[in-house]
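Reproduced below: run23.txt, with compact mmCIF, C-alpha atoms.
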# COMPACT_ATOMS: atom_id res chain seq x y z
CA MET A 1 -1.69 -17.37 -17.12
CA ASP A 2 2.02 -16.77 -16.42
CA ASN A 3 2.14 -13.99 -19.01
CA ILE A 4 -0.88 -12.33 -17.42
CA PHE A 5 0.71 -12.47 -13.97
CA LEU A 6 3.95 -11.02 -15.38
CA ALA A 7 2.04 -8.22 -17.12
CA ALA A 8 0.18 -7.45 -13.88
CA SER A 9 3.43 -7.28 -11.89
CA ILE A 10 4.99 -5.00 -14.53
CA ALA A 11 1.93 -2.72 -14.35
CA LEU A 12 2.29 -2.64 -10.55
CA ALA A 13 5.96 -1.70 -10.93
CA LEU A 14 5.02 1.19 -13.25
CA THR A 15 2.38 2.49 -10.82
CA SER A 16 4.86 2.28 -7.96
CA LEU A 17 7.21 4.42 -10.07
CA ILE A 18 4.41 7.00 -10.27
CA CYS A 19 4.15 6.77 -6.46
CA LEU A 20 7.89 7.41 -6.23
CA ILE A 21 7.34 10.70 -8.09
CA ARG A 22 5.07 11.79 -5.21
CA VAL A 23 7.68 10.57 -2.71
CA PHE A 24 10.28 12.67 -4.51
CA ILE A 25 8.34 15.94 -4.85
CA GLY A 26 6.20 15.57 -1.69
CA PRO A 27 6.16 18.94 0.07
CA THR A 28 5.75 17.57 3.60
CA ARG A 29 7.15 14.51 5.33
CA GLY A 30 3.68 12.91 5.61
CA ASP A 31 3.27 12.79 1.82
CA ARG A 32 6.48 10.84 1.52
CA ILE A 33 5.43 8.35 4.21
CA ILE A 34 2.08 7.79 2.46
CA GLY A 35 3.83 7.14 -0.85
CA ILE A 36 6.24 4.65 0.73
CA ASN A 37 3.31 2.86 2.43
CA VAL A 38 1.54 2.38 -0.90
CA VAL A 39 4.77 1.16 -2.52
CA ALA A 40 5.04 -1.45 0.28
CA THR A 41 1.49 -2.70 -0.43
CA LYS A 42 2.27 -2.94 -4.14
CA THR A 43 5.43 -4.89 -3.34
CA ILE A 44 3.33 -7.39 -1.34
CA VAL A 45 1.07 -8.04 -4.32
CA MET A 46 4.07 -8.20 -6.67
CA ILE A 47 5.80 -10.87 -4.56
CA ALA A 48 2.57 -12.91 -4.50
CA LEU A 49 2.30 -12.68 -8.31
CA ILE A 50 5.95 -13.66 -8.78
CA ALA A 51 5.40 -16.65 -6.44
CA PHE A 52 2.73 -17.95 -8.82
CA VAL A 53 4.86 -17.22 -11.90
CA LEU A 54 7.83 -19.18 -10.52
CA ARG A 55 5.52 -21.81 -8.88
CA GLU A 56 7.39 -21.42 -5.58
CA THR A 57 4.63 -21.18 -3.00
CA TYR A 58 7.03 -20.66 -0.10
CA PHE A 59 7.30 -17.04 -1.32
CA LEU A 60 3.90 -16.55 0.33
CA ASP A 61 5.59 -16.82 3.75
CA VAL A 62 7.82 -13.98 2.57
CA VAL A 63 4.64 -12.05 1.71
CA LEU A 64 3.28 -12.56 5.25
CA VAL A 65 6.50 -11.42 6.90
CA TYR A 66 6.76 -8.44 4.54
CA ALA A 67 3.23 -7.33 5.43
CA LEU A 68 4.05 -7.52 9.16
CA ILE A 69 7.32 -5.62 8.74
CA SER A 70 5.76 -2.87 6.61
CA PHE A 71 3.00 -2.40 9.23
CA VAL A 72 5.49 -2.05 12.09
CA ALA A 73 7.71 0.24 10.00
CA SER A 74 4.89 2.61 9.06
CA LEU A 75 3.69 2.75 12.68
CA PHE A 76 7.12 3.72 13.98
CA VAL A 77 7.73 6.20 11.15
CA SER A 78 4.41 7.90 11.95
CA ARG A 79 5.46 8.17 15.61
CA GLU A 80 8.72 9.68 14.40
CA LEU A 81 6.65 12.19 12.38
CA LYS A 82 4.95 13.44 15.56
CA GLU A 83 8.17 13.63 17.55
CA GLU A 84 10.00 15.44 14.75
CA THR A 85 7.38 18.20 14.69
CA GLY A 86 7.77 18.61 18.46
CA ARG A 87 11.52 18.97 18.05
CA GLU A 88 11.05 21.55 15.28
CA ASP A 89 8.84 23.59 17.58
CA GLU A 90 11.49 23.48 20.29
CA SER A 91 14.12 24.68 17.86
CA HIS A 92 11.91 27.63 16.81
CA MET B 1 -11.22 -24.05 -16.45
CA ARG B 2 -11.72 -21.16 -18.86
CA VAL B 3 -14.43 -19.69 -16.64
CA ILE B 4 -12.05 -19.76 -13.66
CA ASP B 5 -9.32 -18.11 -15.75
CA ALA B 6 -11.76 -15.40 -16.83
CA ILE B 7 -12.73 -14.75 -13.20
CA VAL B 8 -9.05 -14.56 -12.19
CA ILE B 9 -8.26 -12.11 -15.02
CA PHE B 10 -11.30 -9.98 -14.14
CA LEU B 11 -10.28 -9.78 -10.46
CA LEU B 12 -6.66 -8.96 -11.36
CA VAL B 13 -7.73 -6.21 -13.76
CA ALA B 14 -10.13 -4.78 -11.18
CA GLY B 15 -7.37 -4.75 -8.55
CA LEU B 16 -4.94 -3.09 -10.95
CA PHE B 17 -7.63 -0.51 -11.79
CA PHE B 18 -8.01 0.35 -8.12
CA PHE B 19 -4.21 0.53 -7.73
CA LEU B 20 -4.03 2.91 -10.70
CA VAL B 21 -6.86 5.09 -9.37
CA GLY B 22 -5.26 5.27 -5.92
CA THR B 23 -1.91 6.18 -7.46
CA ILE B 24 -3.49 8.95 -9.54
CA GLY B 25 -5.16 10.16 -6.35
CA ILE B 26 -1.83 10.22 -4.53
CA LEU B 27 -0.31 12.18 -7.40
CA ARG B 28 -3.14 14.65 -8.00
CA PHE B 29 -4.88 15.37 -4.67
CA PRO B 30 -4.04 18.79 -3.19
CA ASP B 31 -3.51 17.94 0.50
CA ALA B 32 -1.63 15.33 2.53
CA LEU B 33 -4.79 14.04 4.26
CA THR B 34 -6.70 13.62 0.98
CA ARG B 35 -3.67 11.77 -0.36
CA ALA B 36 -3.94 9.47 2.64
CA HIS B 37 -7.57 8.80 1.63
CA GLY B 38 -6.49 7.77 -1.87
CA ALA B 39 -3.74 5.58 -0.47
CA ALA B 40 -6.17 3.76 1.82
CA LYS B 41 -8.47 2.91 -1.11
CA CYS B 42 -5.45 1.64 -3.02
CA ASP B 43 -4.37 -0.55 -0.09
CA THR B 44 -7.65 -2.22 0.80
CA LEU B 45 -9.48 -2.72 -2.49
CA GLY B 46 -6.58 -3.10 -4.91
CA ALA B 47 -4.49 -5.54 -2.89
CA ALA B 48 -7.51 -7.56 -1.72
CA LEU B 49 -8.93 -7.97 -5.25
CA CYS B 50 -5.54 -9.03 -6.67
CA LEU B 51 -4.98 -11.54 -3.86
CA PHE B 52 -8.53 -12.94 -4.18
CA GLY B 53 -7.82 -13.51 -7.87
CA LEU B 54 -4.65 -15.41 -6.94
CA MET B 55 -6.63 -17.46 -4.37
CA ILE B 56 -9.15 -18.52 -7.02
CA HIS B 57 -6.26 -19.38 -9.36
CA SER B 58 -4.47 -21.58 -6.81
CA GLY B 59 -7.53 -23.62 -5.82
CA TRP B 60 -7.77 -25.65 -2.58
CA GLU B 61 -4.17 -25.65 -1.39
CA PRO B 62 -2.19 -24.38 1.60
CA ALA B 63 -1.21 -21.40 -0.55
CA THR B 64 -4.85 -20.30 -0.54
CA LEU B 65 -4.91 -20.21 3.26
CA LYS B 66 -1.67 -18.19 3.31
CA LEU B 67 -3.10 -15.71 0.78
CA PHE B 68 -6.28 -15.39 2.85
CA LEU B 69 -4.13 -14.70 5.94
CA VAL B 70 -2.28 -12.01 3.96
CA VAL B 71 -5.60 -10.42 2.96
CA LEU B 72 -6.83 -10.46 6.58
CA LEU B 73 -3.52 -8.98 7.75
CA ILE B 74 -3.69 -6.21 5.13
CA TRP B 75 -7.30 -5.43 6.03
CA ILE B 76 -6.41 -5.13 9.72
CA THR B 77 -3.02 -3.42 9.54
CA ASN B 78 -3.28 -0.99 6.61
CA PRO B 79 -6.17 1.14 7.97
CA THR B 80 -4.36 1.21 11.30
CA ALA B 81 -1.14 2.40 9.69
CA THR B 82 -2.98 4.98 7.58
CA HIS B 83 -4.77 6.22 10.72
CA ALA B 84 -1.48 6.57 12.59
CA ILE B 85 0.10 8.46 9.68
CA ALA B 86 -2.94 10.75 9.40
CA ARG B 87 -2.75 11.50 13.13
CA GLY B 88 0.92 12.36 12.72
CA ILE B 89 0.13 14.66 9.79
CA LEU B 90 -2.67 16.31 11.78
CA ALA B 91 -0.39 16.83 14.80
CA SER B 92 2.30 18.41 12.60
CA LYS B 93 -0.33 20.68 10.97
CA THR B 94 -1.74 21.91 14.30
CA THR B 95 1.71 22.55 15.73
CA ARG B 96 2.63 24.44 12.59
CA ARG B 97 -0.54 26.54 12.80
CA GLU B 98 0.08 27.33 16.47
CA GLY B 99 3.63 28.36 15.61
CA ALA B 100 2.31 30.63 12.84
CA THR B 101 -0.18 32.33 15.20
CA HIS B 102 2.48 32.75 17.86
CA LYS B 103 4.66 34.49 15.35
If you took the structure in this file and wrote it as structure tokens, what would it be?
Amino acid sequence: MDNIFLAASIALALTSLICLIRVFIGPTRGDRIIGINVVATKTIVMIALIAFVLRETYFLDVVLVYALISFVASLFVSRELKEETGREDESH
Amino acid sequence: MRVIDAIVIFLLVAGLFFFLVGTIGILRFPDALTRAHGAAKCDTLGAALCLFGLMIHSGWEPATLKLFLVVLLIWITNPTATHAIARGILASKTTRREGATHK
């Protein structure tokens, strides 16, 4: 089972690399925020898989805190998105 | 035991499939809002299926409760975050359109 969990976490890492391509070439700022949000979700699942590979179940507390922090971060970054567009309009 | 392992592997593969489909959607969709749609599918179904597989693997332990809490948290917070981001994108689009018409 450990090999399967490791293979799943490696596959998640590869798909998050594909997400980072979108973050890199994203034309607007919203595309980049969406890509980073998905990478955060994949990181949550990866930490849970690694917790079962290493048999250290206290990593699951790390998973909980990471989910909370990524939620708060994406909320505040989306608010920043709105305010930034307002500032751009003022500068024009 | 083998049946449980087969169920765990099936749930993990299904979750990874949804992650892959959502990632392809993020890479290939034409617009920022449609990309947000793909990302939301990726968040809810992919992560929940993978974590349910891990719950079945761990059995009746405190880790199962923690994983269930993580799934509940993801199901509550990720649509909210995606909604906030989509509202931000929509606000930036409308302001941009108004600026274009004013010019």
- Give as a list in words every residue, naming chains and numbers as the document does, that has an atom within 9 Å of (-2.7, -7.3, -6.9), counting all atoms listed in the file.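 Protein and nucleic acid residues near the point are Ala8, Ser9, Leu12, Thr41, Lys42, Ile44, Val45, Met46, Ala48 and Leu49 of chain A; Leu11, Leu12, Val13, Ala14, Gly15, Leu16, Phe19, Gly46, Ala47, Ala48, Leu49, Cys50, Leu51, Phe52, Gly53 and Leu54 of chain B.
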Would you save the residues of that selection, restricted to C-alpha atoms, as a compact mmCIF listing (two decimals), keeping the file's coordinate frame?
# COMPACT_ATOMS: atom_id res chain seq x y z
CA ALA A 8 0.18 -7.45 -13.88
CA SER A 9 3.43 -7.28 -11.89
CA LEU A 12 2.29 -2.64 -10.55
CA THR A 41 1.49 -2.70 -0.43
CA LYS A 42 2.27 -2.94 -4.14
CA ILE A 44 3.33 -7.39 -1.34
CA VAL A 45 1.07 -8.04 -4.32
CA MET A 46 4.07 -8.20 -6.67
CA ALA A 48 2.57 -12.91 -4.50
CA LEU A 49 2.30 -12.68 -8.31
CA LEU B 11 -10.28 -9.78 -10.46
CA LEU B 12 -6.66 -8.96 -11.36
CA VAL B 13 -7.73 -6.21 -13.76
CA ALA B 14 -10.13 -4.78 -11.18
CA GLY B 15 -7.37 -4.75 -8.55
CA LEU B 16 -4.94 -3.09 -10.95
CA PHE B 19 -4.21 0.53 -7.73
CA GLY B 46 -6.58 -3.10 -4.91
CA ALA B 47 -4.49 -5.54 -2.89
CA ALA B 48 -7.51 -7.56 -1.72
CA LEU B 49 -8.93 -7.97 -5.25
CA CYS B 50 -5.54 -9.03 -6.67
CA LEU B 51 -4.98 -11.54 -3.86
CA PHE B 52 -8.53 -12.94 -4.18
CA GLY B 53 -7.82 -13.51 -7.87
CA LEU B 54 -4.65 -15.41 -6.94
- Query: chain A residues within 9 Å of chain B, counting only C-alpha atoms: which ones, as number ranges by chain?
  - Reply: A: 1, 4-5, 8, 11-12, 15-16, 18-19, 21-22, 26-31, 33-35, 37-38, 41-42, 44-45, 48-49, 52, 57-58, 60-61, 63-64, 67-68, 71-72, 74-75, 77-86, 89, 92
- Message: To one decimal place in Å, what is the distance between CA of Ile25 in chain A and CA of Thr43 in chain A?
- Response: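 Going from CA of Ile25 in chain A over to CA of Thr43 in chain A, I get 21.1 Å.
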Which centre and edge lengths in Å to one decimal define the box along x, y and z that fits every listed atom of range 65-84 of chain B plus 6 Å per side, as AutoDock Vina command-line options?
--center_x -4.2 --center_y -6.8 --center_z 6.7 --size_x 18.2 --size_y 38.8 --size_z 23.8
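The spacing separating CA of Ala40 in chain A from CA of Ile10 in chain A amounts to 15.2 Å.
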